[in-house]
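Peer 1: Handing you this structure, nothing more for now.
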Amino acid sequence: MSKVFRDKDADLGVFKGKTLAVLGFGSQGHAHALNLKDSGCKVIIGLYTGSKSIKVAQEKGFEVLTTAEAVKAADVIFVALPDTKQAKVYTEDIAPNLTAGKTLLFSHGFSIHYKTIVPPTNVDVILVAPKGPGHIVRRQFTEGKGVPALVAVHQNPSKKALKTALAWAKGVGGTRAGVLQTTFKEETETDLFGEQTVLCGGCSALVQAGFEVLVEAGYSPEMAYFECLHELKLIVDLMNESGIAGMRFSISETAKWGDVSVGPKIIDASVKKRMKAALKDIQNGKFAKEWVAEYQNGYKKYNALLKAGEQHPIEKTGAKLRSLMPWMQKRNVKGAQAAY
């Protein structure tokens with residue numbers, strides 16, 4: 001088991017007299033910035049000229065500079081930008097102002113692990129990755145709690161990189177819950193694998209396939225939606241709270257028998273084989289190259305696939321049924337873009 005770092009293992013005094021820059025004010029960026037500010041740290045925000053987030057950050061009490069100016073002024077620079085945009089911003093704004101002794105910080109290891117960014121050897125390079133979306137990182141912090149986080153060190157010329165990472169993790173609330181040390185490689189490859197094969201890709205495809213099978217068999221779309229999507233939250237919440245065994249304890253005997261006897265026939269050895277192939281593409285860099293190329297070509301395939309997903313019948317059925325549930329928070333996220 002990895003060591004779990006707690007509040008006592010981290011020292012915010014590391015940031016005394018230092019300036020922390022958060023480049024970007026999206027999901028993770030805004031949460032880290034606000035939490036660090038509330039923890040007593042000096043935080044500035046770096047944004048591109050004309051960013052819609054400038055006014056938002058200023059209203060939250062932050063000094064906002066251009067990205068280049070923020071890098072120049074800061075001791076620790078958090079690159080809170082989309083993976084595909086980081087390389088260009090690094091070349092144009094970060095690298096020219098990245099002097100010896102500064103620290104580059106990431107919340108995902110993609111750019112460093114796949115070398116779309118190659119920092120000079122005279123700066124520390126660290127990772128602090130809360131295991132939750134930005135709004136949860138912020139909310140837990142304001143409630144006096146925290147979200148577990150990962151830390152990693154890629155370069156350590158100062159010999160103090162881990163202390164810096166732990167201080168940042170404490171500043172955002174991670175050490176309240178517990179912080180584990182990993183590597184950029186491990187964080188990147190496991191994160192991508194989970195997203196693609198289970199959490200996002202696997203789950204979405206499984207839900208859509210189950211919905212299609214029931215509708216094609218003559219059952220109503222409403223019943224298919226309830227059984228294949230709506231009730232999924234109940235099961236995931238139970239697993240999140242007490243593991244798979246705990247979830248099974250809470251469901252009916254019939255559901256349990258269907259789980260253990262039929263589930264392995266659906267997610268069988270052939271699925272695991274394709275998961276291994278997906279992992280190999282992550283490990284050898286094929287996925288990263290294809291994703292970077294997709295960005296460079298204007299997201300054509302990406303946008304087409306997203307549009308096709310939005311037009312799936314389950315979306316129309318879901319919108320109708322969710323309107324019958326006044327207790328459920330409704331969010332129309334179609335076309336929404338994160339702020340950077």
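Order determines the names: the first chain of the structure tokens is A, the second B, and so forth; residues in each chain are numbered 1 upward, and ligands are numbered 1 upward as they are shown.
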Considering only C-alpha atoms, return as a list in words whatever protein or nucleic-acid residues lie within 8 Å of range 11-18 of chain A, sequence-local ones (same chain, fewer than 5 positions apart) excluded.

Peer 2: Cys41, Lys42, Ala74, Asp75, Val76, Lys163, Thr164, Leu166, Ala167, Trp168, Lys170 and Gly171 of chain A

Peer 1: Restricting it to all heavy atoms, dump the selection as a PDB file, in the first residue's frame.

Peer 2:
ATOM      1  N   CYS A  41      -2.522  31.735   0.673  1.00  0.00           N
ATOM      2  CA  CYS A  41      -1.456  31.843  -0.320  1.00  0.00           C
ATOM      3  C   CYS A  41      -1.701  33.018  -1.268  1.00  0.00           C
ATOM      4  O   CYS A  41      -2.841  33.427  -1.490  1.00  0.00           O
ATOM      5  CB  CYS A  41      -1.369  30.559  -1.142  1.00  0.00           C
ATOM      6  SG  CYS A  41      -1.062  29.072  -0.150  1.00  0.00           S
ATOM      7  N   LYS A  42      -0.619  33.555  -1.821  1.00  0.00           N
ATOM      8  CA  LYS A  42      -0.718  34.616  -2.820  1.00  0.00           C
ATOM      9  C   LYS A  42      -0.907  33.961  -4.188  1.00  0.00           C
ATOM     10  O   LYS A  42       0.005  33.291  -4.689  1.00  0.00           O
ATOM     11  CB  LYS A  42       0.533  35.491  -2.818  1.00  0.00           C
ATOM     12  CG  LYS A  42       0.453  36.627  -3.837  1.00  0.00           C
ATOM     13  CD  LYS A  42       1.714  37.469  -3.860  1.00  0.00           C
ATOM     14  CE  LYS A  42       1.606  38.557  -4.917  1.00  0.00           C
ATOM     15  NZ  LYS A  42       2.862  39.371  -4.997  1.00  0.00           N
ATOM     16  N   ALA A  74       5.497  34.502 -11.234  1.00  0.00           N
ATOM     17  CA  ALA A  74       5.232  33.429 -10.268  1.00  0.00           C
ATOM     18  C   ALA A  74       6.437  32.555  -9.977  1.00  0.00           C
ATOM     19  O   ALA A  74       7.361  32.425 -10.786  1.00  0.00           O
ATOM     20  CB  ALA A  74       4.086  32.573 -10.770  1.00  0.00           C
ATOM     21  N   ASP A  75       6.370  31.925  -8.809  1.00  0.00           N
ATOM     22  CA  ASP A  75       7.363  30.919  -8.427  1.00  0.00           C
ATOM     23  C   ASP A  75       6.881  29.511  -8.771  1.00  0.00           C
ATOM     24  O   ASP A  75       7.681  28.640  -9.126  1.00  0.00           O
ATOM     25  CB  ASP A  75       7.627  31.009  -6.923  1.00  0.00           C
ATOM     26  CG  ASP A  75       8.152  32.374  -6.517  1.00  0.00           C
ATOM     27  OD1 ASP A  75       9.323  32.656  -6.792  1.00  0.00           O
ATOM     28  OD2 ASP A  75       7.374  33.167  -5.952  1.00  0.00           O
ATOM     29  N   VAL A  76       5.570  29.285  -8.618  1.00  0.00           N
ATOM     30  CA  VAL A  76       4.954  27.997  -8.964  1.00  0.00           C
ATOM     31  C   VAL A  76       3.861  28.276  -9.983  1.00  0.00           C
ATOM     32  O   VAL A  76       3.010  29.145  -9.765  1.00  0.00           O
ATOM     33  CB  VAL A  76       4.355  27.296  -7.721  1.00  0.00           C
ATOM     34  CG1 VAL A  76       3.789  25.937  -8.102  1.00  0.00           C
ATOM     35  CG2 VAL A  76       5.404  27.150  -6.629  1.00  0.00           C
ATOM     36  N   LYS A 163       7.938  18.405  -1.365  1.00  0.00           N
ATOM     37  CA  LYS A 163       7.401  19.323  -0.361  1.00  0.00           C
ATOM     38  C   LYS A 163       6.489  20.359  -0.995  1.00  0.00           C
ATOM     39  O   LYS A 163       5.448  20.723  -0.436  1.00  0.00           O
ATOM     40  CB  LYS A 163       8.547  20.018   0.381  1.00  0.00           C
ATOM     41  CG  LYS A 163       9.319  19.113   1.318  1.00  0.00           C
ATOM     42  CD  LYS A 163      10.387  19.890   2.074  1.00  0.00           C
ATOM     43  CE  LYS A 163      11.143  18.981   3.046  1.00  0.00           C
ATOM     44  NZ  LYS A 163      12.176  19.720   3.796  1.00  0.00           N
ATOM     45  N   THR A 164       6.856  20.815  -2.190  1.00  0.00           N
ATOM     46  CA  THR A 164       6.025  21.784  -2.907  1.00  0.00           C
ATOM     47  C   THR A 164       4.703  21.148  -3.310  1.00  0.00           C
ATOM     48  O   THR A 164       3.631  21.747  -3.149  1.00  0.00           O
ATOM     49  CB  THR A 164       6.750  22.307  -4.160  1.00  0.00           C
ATOM     50  OG1 THR A 164       7.999  22.903  -3.778  1.00  0.00           O
ATOM     51  CG2 THR A 164       5.906  23.335  -4.888  1.00  0.00           C
ATOM     52  N   LEU A 166       3.188  18.579  -1.932  1.00  0.00           N
ATOM     53  CA  LEU A 166       2.364  18.330  -0.749  1.00  0.00           C
ATOM     54  C   LEU A 166       1.773  19.626  -0.190  1.00  0.00           C
ATOM     55  O   LEU A 166       0.629  19.642   0.280  1.00  0.00           O
ATOM     56  CB  LEU A 166       3.178  17.610   0.321  1.00  0.00           C
ATOM     57  CG  LEU A 166       3.523  16.149   0.017  1.00  0.00           C
ATOM     58  CD1 LEU A 166       4.495  15.595   1.061  1.00  0.00           C
ATOM     59  CD2 LEU A 166       2.268  15.289  -0.045  1.00  0.00           C
ATOM     60  N   ALA A 167       2.533  20.708  -0.264  1.00  0.00           N
ATOM     61  CA  ALA A 167       2.018  21.997   0.192  1.00  0.00           C
ATOM     62  C   ALA A 167       0.835  22.432  -0.663  1.00  0.00           C
ATOM     63  O   ALA A 167      -0.185  22.913  -0.154  1.00  0.00           O
ATOM     64  CB  ALA A 167       3.122  23.054   0.153  1.00  0.00           C
ATOM     65  N   TRP A 168       0.961  22.257  -1.987  1.00  0.00           N
ATOM     66  CA  TRP A 168      -0.145  22.602  -2.896  1.00  0.00           C
ATOM     67  C   TRP A 168      -1.356  21.723  -2.598  1.00  0.00           C
ATOM     68  O   TRP A 168      -2.489  22.202  -2.521  1.00  0.00           O
ATOM     69  CB  TRP A 168       0.307  22.430  -4.340  1.00  0.00           C
ATOM     70  CG  TRP A 168      -0.659  22.978  -5.361  1.00  0.00           C
ATOM     71  CD1 TRP A 168      -1.854  22.421  -5.750  1.00  0.00           C
ATOM     72  CD2 TRP A 168      -0.531  24.192  -6.098  1.00  0.00           C
ATOM     73  NE1 TRP A 168      -2.468  23.203  -6.702  1.00  0.00           N
ATOM     74  CE2 TRP A 168      -1.676  24.301  -6.931  1.00  0.00           C
ATOM     75  CE3 TRP A 168       0.440  25.197  -6.155  1.00  0.00           C
ATOM     76  CZ2 TRP A 168      -1.868  25.369  -7.811  1.00  0.00           C
ATOM     77  CZ3 TRP A 168       0.251  26.259  -7.029  1.00  0.00           C
ATOM     78  CH2 TRP A 168      -0.887  26.346  -7.826  1.00  0.00           C
ATOM     79  N   LYS A 170      -2.113  20.370   0.176  1.00  0.00           N
ATOM     80  CA  LYS A 170      -2.714  20.837   1.433  1.00  0.00           C
ATOM     81  C   LYS A 170      -3.517  22.103   1.198  1.00  0.00           C
ATOM     82  O   LYS A 170      -4.631  22.267   1.726  1.00  0.00           O
ATOM     83  CB  LYS A 170      -1.622  21.087   2.469  1.00  0.00           C
ATOM     84  CG  LYS A 170      -2.169  21.512   3.832  1.00  0.00           C
ATOM     85  CD  LYS A 170      -1.052  21.571   4.882  1.00  0.00           C
ATOM     86  CE  LYS A 170      -1.613  21.895   6.268  1.00  0.00           C
ATOM     87  NZ  LYS A 170      -0.561  21.828   7.312  1.00  0.00           N
ATOM     88  N   GLY A 171      -2.987  22.996   0.385  1.00  0.00           N
ATOM     89  CA  GLY A 171      -3.667  24.247   0.109  1.00  0.00           C
ATOM     90  C   GLY A 171      -5.008  24.091  -0.575  1.00  0.00           C
ATOM     91  O   GLY A 171      -5.911  24.906  -0.389  1.00  0.00           O
TER      92      GLY A 171
END

Peer 1: So which residues of range 32-199 of chain A fall under alpha helix (DSSP H) by DSSP, listed as a PyMOL selection string?

Peer 2: chain A and resi 32-38+53-59+67-73+83-89+110-113+134-142+161-171+174-177+184-194

Peer 1: Which value, in Å to one decimal, gives the distance between CA of Val4 in chain A and CA of Leu180 in chain A?

Peer 2: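 CA of Val4 in chain A sits 5.2 Å away from CA of Leu180 in chain A.
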
Peer 1: How close does each residue of range 223-257 of chain A get to range 315-328 of chain A, giving the shortest atom pair and distance in Å to one decimal for every residue with an atom at most 10 Å away, counting only C-alpha atoms, sorted by chain and residue number, as a tab-separated table?

Peer 2:
residue	atom	partner	partner_atom	distance
A:Met223	CA	A:Thr317	CA	9.8
A:Ala224	CA	A:Thr317	CA	9.3
A:Tyr225	CA	A:Gly318	CA	6.7
A:Phe226	CA	A:Gly318	CA	8.7
A:Leu229	CA	A:Gly318	CA	8.6
A:His230	CA	A:Gly318	CA	8.4

Peer 1: Next, write the just-selected residues to a file, as a short mmCIF file (atom, residue, chain, number, x, y, z; two decimals), in the first residue's frame, keeping all heavy atoms as the atom set.

Peer 2:
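Here's the written file again-v8.cif:
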data_model
loop_
_atom_site.label_atom_id
_atom_site.label_comp_id
_atom_site.auth_asym_id
_atom_site.auth_seq_id
_atom_site.Cartn_x
_atom_site.Cartn_y
_atom_site.Cartn_z
N MET A 223 -39.23 2.69 -20.42
CA MET A 223 -38.82 1.57 -19.56
C MET A 223 -37.33 1.27 -19.75
O MET A 223 -36.60 0.99 -18.79
CB MET A 223 -39.67 0.34 -19.84
CG MET A 223 -41.11 0.46 -19.37
SD MET A 223 -41.24 0.78 -17.59
CE MET A 223 -40.46 -0.70 -16.93
N ALA A 224 -36.89 1.33 -21.01
CA ALA A 224 -35.48 1.06 -21.31
C ALA A 224 -34.58 2.09 -20.63
O ALA A 224 -33.52 1.76 -20.08
CB ALA A 224 -35.25 1.06 -22.81
N TYR A 225 -35.01 3.35 -20.64
CA TYR A 225 -34.22 4.42 -20.01
C TYR A 225 -34.12 4.21 -18.50
O TYR A 225 -33.03 4.30 -17.92
CB TYR A 225 -34.87 5.78 -20.30
CG TYR A 225 -34.14 6.94 -19.67
CD1 TYR A 225 -33.09 7.57 -20.34
CD2 TYR A 225 -34.49 7.40 -18.40
CE1 TYR A 225 -32.41 8.63 -19.75
CE2 TYR A 225 -33.81 8.46 -17.80
CZ TYR A 225 -32.77 9.07 -18.49
OH TYR A 225 -32.09 10.11 -17.90
N PHE A 226 -35.26 3.92 -17.87
CA PHE A 226 -35.25 3.72 -16.43
C PHE A 226 -34.31 2.58 -16.04
O PHE A 226 -33.52 2.69 -15.09
CB PHE A 226 -36.66 3.42 -15.91
CG PHE A 226 -37.50 4.64 -15.69
CD1 PHE A 226 -38.80 4.70 -16.18
CD2 PHE A 226 -37.01 5.73 -14.98
CE1 PHE A 226 -39.58 5.83 -15.96
CE2 PHE A 226 -37.78 6.87 -14.77
CZ PHE A 226 -39.08 6.92 -15.26
N LEU A 229 -30.33 3.42 -17.62
CA LEU A 229 -29.61 4.66 -17.30
C LEU A 229 -30.01 5.22 -15.94
O LEU A 229 -29.15 5.40 -15.07
CB LEU A 229 -29.83 5.71 -18.40
CG LEU A 229 -28.91 6.95 -18.33
CD1 LEU A 229 -28.76 7.58 -19.70
CD2 LEU A 229 -29.40 8.00 -17.34
N HIS A 230 -31.29 5.47 -15.74
CA HIS A 230 -31.73 6.16 -14.52
C HIS A 230 -31.28 5.44 -13.24
O HIS A 230 -30.76 6.08 -12.32
CB HIS A 230 -33.26 6.28 -14.53
CG HIS A 230 -33.81 6.91 -13.29
ND1 HIS A 230 -33.71 8.26 -13.04
CD2 HIS A 230 -34.46 6.37 -12.21
CE1 HIS A 230 -34.27 8.52 -11.87
NE2 HIS A 230 -34.73 7.40 -11.35
#

Peer 1: So, with only C-alpha atoms as the atoms that count, which of A:Gln296, A:Ser111, A:Ser270, A:Asn97 lies closest to Ala70 in chain A?

Peer 2: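 So, comparing all the options, the nearest one is A:Asn97.
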
Peer 1: Neighbouring residues of range 48-57 of chain A were defined as those with any atom within 6 Å, considering only C-alpha atoms; residues of the same chain fewer than 5 positions away were excluded. Please report them as an MDAnalysis selection string.

Peer 2: chainID A and resid 62 66:67

Peer 1: Give me the residues within 10 Å of range 127-133 of chain A as a ChimeraX atom specification, counting only C-alpha atoms and dropping any in the same chain fewer than 3 places off.

Peer 2: /A:27-28,31-32,78,104-109,112,136-138,146-154,161-162,164-169,172-174,179-184,187

Peer 1: Kindly indicate which residue among A:Arg248, A:Val118, A:Thr142, A:Leu98 lies nearest to Ser39 in chain A, using only C-alpha atoms for the distances.

Peer 2: A:Thr142

Peer 1: Considering only C-alpha atoms, can you say which of A:Ala269, A:Leu81, A:Met239, A:Ile94 comes closest to Glu69 in chain A?

Peer 2: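 Checking each candidate against Glu69 in chain A, we get A:Ile94 as the closest.
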
Peer 1: Counting only C-alpha atoms, what is within 10 Å of Leu214 in chain A, bar same-chain residues fewer than 2 positions away, as a list of chain:residue names?

Peer 2: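 The residues satisfying every condition are A:Ala209, A:Gly210, A:Phe211, A:Glu212, A:Glu216, A:Ala217, A:Gly218, A:Tyr219, A:Ser220, A:Pro221, A:Met223, A:Ala224, A:Tyr225, A:Glu227, A:Cys228.
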
Peer 1: Print the selection's residues with all heavy atoms to a file, as an mmCIF file, in the first residue's frame.

Peer 2:
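Just written: selection.cif:
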data_model
loop_
_atom_site.group_PDB
_atom_site.id
_atom_site.type_symbol
_atom_site.label_atom_id
_atom_site.label_comp_id
_atom_site.auth_asym_id
_atom_site.auth_seq_id
_atom_site.Cartn_x
_atom_site.Cartn_y
_atom_site.Cartn_z
ATOM 1 N N ALA A 209 -26.135 0.482 -25.513
ATOM 2 C CA ALA A 209 -26.398 -0.848 -26.066
ATOM 3 C C ALA A 209 -27.580 -1.502 -25.358
ATOM 4 O O ALA A 209 -28.461 -2.102 -25.999
ATOM 5 C CB ALA A 209 -25.153 -1.722 -25.951
ATOM 6 N N GLY A 210 -27.633 -1.399 -24.024
ATOM 7 C CA GLY A 210 -28.747 -1.978 -23.286
ATOM 8 C C GLY A 210 -30.066 -1.332 -23.673
ATOM 9 O O GLY A 210 -31.088 -2.017 -23.856
ATOM 10 N N PHE A 211 -30.077 0.003 -23.812
ATOM 11 C CA PHE A 211 -31.263 0.739 -24.240
ATOM 12 C C PHE A 211 -31.725 0.252 -25.614
ATOM 13 O O PHE A 211 -32.913 -0.028 -25.837
ATOM 14 C CB PHE A 211 -30.931 2.236 -24.286
ATOM 15 C CG PHE A 211 -32.052 3.117 -24.755
ATOM 16 C CD1 PHE A 211 -32.969 3.645 -23.848
ATOM 17 C CD2 PHE A 211 -32.178 3.458 -26.094
ATOM 18 C CE1 PHE A 211 -34.003 4.472 -24.281
ATOM 19 C CE2 PHE A 211 -33.197 4.286 -26.538
ATOM 20 C CZ PHE A 211 -34.117 4.792 -25.632
ATOM 21 N N GLU A 212 -30.789 0.119 -26.551
ATOM 22 C CA GLU A 212 -31.122 -0.317 -27.912
ATOM 23 C C GLU A 212 -31.706 -1.726 -27.929
ATOM 24 O O GLU A 212 -32.672 -2.005 -28.649
ATOM 25 C CB GLU A 212 -29.876 -0.245 -28.797
ATOM 26 C CG GLU A 212 -29.405 1.176 -29.076
ATOM 27 C CD GLU A 212 -28.004 1.213 -29.677
ATOM 28 O OE1 GLU A 212 -27.457 0.124 -29.979
ATOM 29 O OE2 GLU A 212 -27.457 2.328 -29.832
ATOM 30 N N GLU A 216 -35.392 -2.349 -29.341
ATOM 31 C CA GLU A 216 -35.490 -3.193 -30.537
ATOM 32 C C GLU A 216 -36.307 -4.452 -30.272
ATOM 33 O O GLU A 216 -36.884 -5.035 -31.196
ATOM 34 C CB GLU A 216 -34.082 -3.558 -31.028
ATOM 35 C CG GLU A 216 -33.333 -2.367 -31.636
ATOM 36 C CD GLU A 216 -31.843 -2.622 -31.795
ATOM 37 O OE1 GLU A 216 -31.410 -3.784 -31.566
ATOM 38 O OE2 GLU A 216 -31.105 -1.674 -32.132
ATOM 39 N N ALA A 217 -36.392 -4.844 -29.000
ATOM 40 C CA ALA A 217 -37.199 -6.017 -28.632
ATOM 41 C C ALA A 217 -38.666 -5.646 -28.404
ATOM 42 O O ALA A 217 -39.482 -6.519 -28.073
ATOM 43 C CB ALA A 217 -36.627 -6.662 -27.373
ATOM 44 N N GLY A 218 -39.005 -4.369 -28.566
ATOM 45 C CA GLY A 218 -40.395 -3.954 -28.483
ATOM 46 C C GLY A 218 -40.811 -3.293 -27.180
ATOM 47 O O GLY A 218 -41.971 -2.929 -27.004
ATOM 48 N N TYR A 219 -39.860 -3.118 -26.259
ATOM 49 C CA TYR A 219 -40.187 -2.447 -25.005
ATOM 50 C C TYR A 219 -40.158 -0.927 -25.199
ATOM 51 O O TYR A 219 -39.496 -0.421 -26.112
ATOM 52 C CB TYR A 219 -39.206 -2.866 -23.905
ATOM 53 C CG TYR A 219 -39.236 -4.352 -23.623
ATOM 54 C CD1 TYR A 219 -38.256 -5.196 -24.143
ATOM 55 C CD2 TYR A 219 -40.259 -4.914 -22.872
ATOM 56 C CE1 TYR A 219 -38.288 -6.562 -23.911
ATOM 57 C CE2 TYR A 219 -40.298 -6.281 -22.624
ATOM 58 C CZ TYR A 219 -39.316 -7.105 -23.155
ATOM 59 O OH TYR A 219 -39.353 -8.462 -22.939
ATOM 60 N N SER A 220 -40.851 -0.216 -24.339
ATOM 61 C CA SER A 220 -40.940 1.234 -24.508
ATOM 62 C C SER A 220 -39.602 1.889 -24.184
ATOM 63 O O SER A 220 -38.861 1.422 -23.304
ATOM 64 C CB SER A 220 -42.027 1.808 -23.604
ATOM 65 O OG SER A 220 -41.620 1.759 -22.244
ATOM 66 N N PRO A 221 -39.277 2.999 -24.878
ATOM 67 C CA PRO A 221 -38.037 3.717 -24.589
ATOM 68 C C PRO A 221 -37.979 4.185 -23.140
ATOM 69 O O PRO A 221 -36.892 4.223 -22.544
ATOM 70 C CB PRO A 221 -38.087 4.914 -25.548
ATOM 71 C CG PRO A 221 -38.983 4.486 -26.649
ATOM 72 C CD PRO A 221 -40.006 3.588 -26.009
ATOM 73 N N MET A 223 -39.229 2.686 -20.418
ATOM 74 C CA MET A 223 -38.815 1.572 -19.555
ATOM 75 C C MET A 223 -37.332 1.268 -19.753
ATOM 76 O O MET A 223 -36.596 0.990 -18.792
ATOM 77 C CB MET A 223 -39.666 0.337 -19.842
ATOM 78 C CG MET A 223 -41.110 0.457 -19.370
ATOM 79 S SD MET A 223 -41.239 0.775 -17.588
ATOM 80 C CE MET A 223 -40.464 -0.703 -16.925
ATOM 81 N N ALA A 224 -36.887 1.327 -21.007
ATOM 82 C CA ALA A 224 -35.478 1.058 -21.307
ATOM 83 C C ALA A 224 -34.580 2.089 -20.627
ATOM 84 O O ALA A 224 -33.518 1.758 -20.082
ATOM 85 C CB ALA A 224 -35.252 1.061 -22.809
ATOM 86 N N TYR A 225 -35.005 3.349 -20.637
ATOM 87 C CA TYR A 225 -34.224 4.420 -20.010
ATOM 88 C C TYR A 225 -34.121 4.208 -18.500
ATOM 89 O O TYR A 225 -33.030 4.301 -17.917
ATOM 90 C CB TYR A 225 -34.872 5.781 -20.304
ATOM 91 C CG TYR A 225 -34.140 6.939 -19.675
ATOM 92 C CD1 TYR A 225 -33.089 7.573 -20.342
ATOM 93 C CD2 TYR A 225 -34.487 7.403 -18.400
ATOM 94 C CE1 TYR A 225 -32.408 8.634 -19.752
ATOM 95 C CE2 TYR A 225 -33.813 8.457 -17.801
ATOM 96 C CZ TYR A 225 -32.771 9.068 -18.489
ATOM 97 O OH TYR A 225 -32.090 10.113 -17.896
ATOM 98 N N GLU A 227 -34.378 1.469 -16.771
ATOM 99 C CA GLU A 227 -33.615 0.280 -16.374
ATOM 100 C C GLU A 227 -32.135 0.351 -16.747
ATOM 101 O O GLU A 227 -31.308 -0.256 -16.068
ATOM 102 C CB GLU A 227 -34.242 -0.973 -16.998
ATOM 103 C CG GLU A 227 -35.649 -1.256 -16.496
ATOM 104 C CD GLU A 227 -35.717 -1.345 -14.973
ATOM 105 O OE1 GLU A 227 -34.763 -1.849 -14.361
ATOM 106 O OE2 GLU A 227 -36.729 -0.889 -14.395
ATOM 107 N N CYS A 228 -31.804 1.077 -17.822
ATOM 108 C CA CYS A 228 -30.417 1.070 -18.299
ATOM 109 C C CYS A 228 -29.629 2.334 -17.972
ATOM 110 O O CYS A 228 -28.401 2.314 -18.042
ATOM 111 C CB CYS A 228 -30.379 0.836 -19.814
ATOM 112 S SG CYS A 228 -31.017 -0.777 -20.302
#
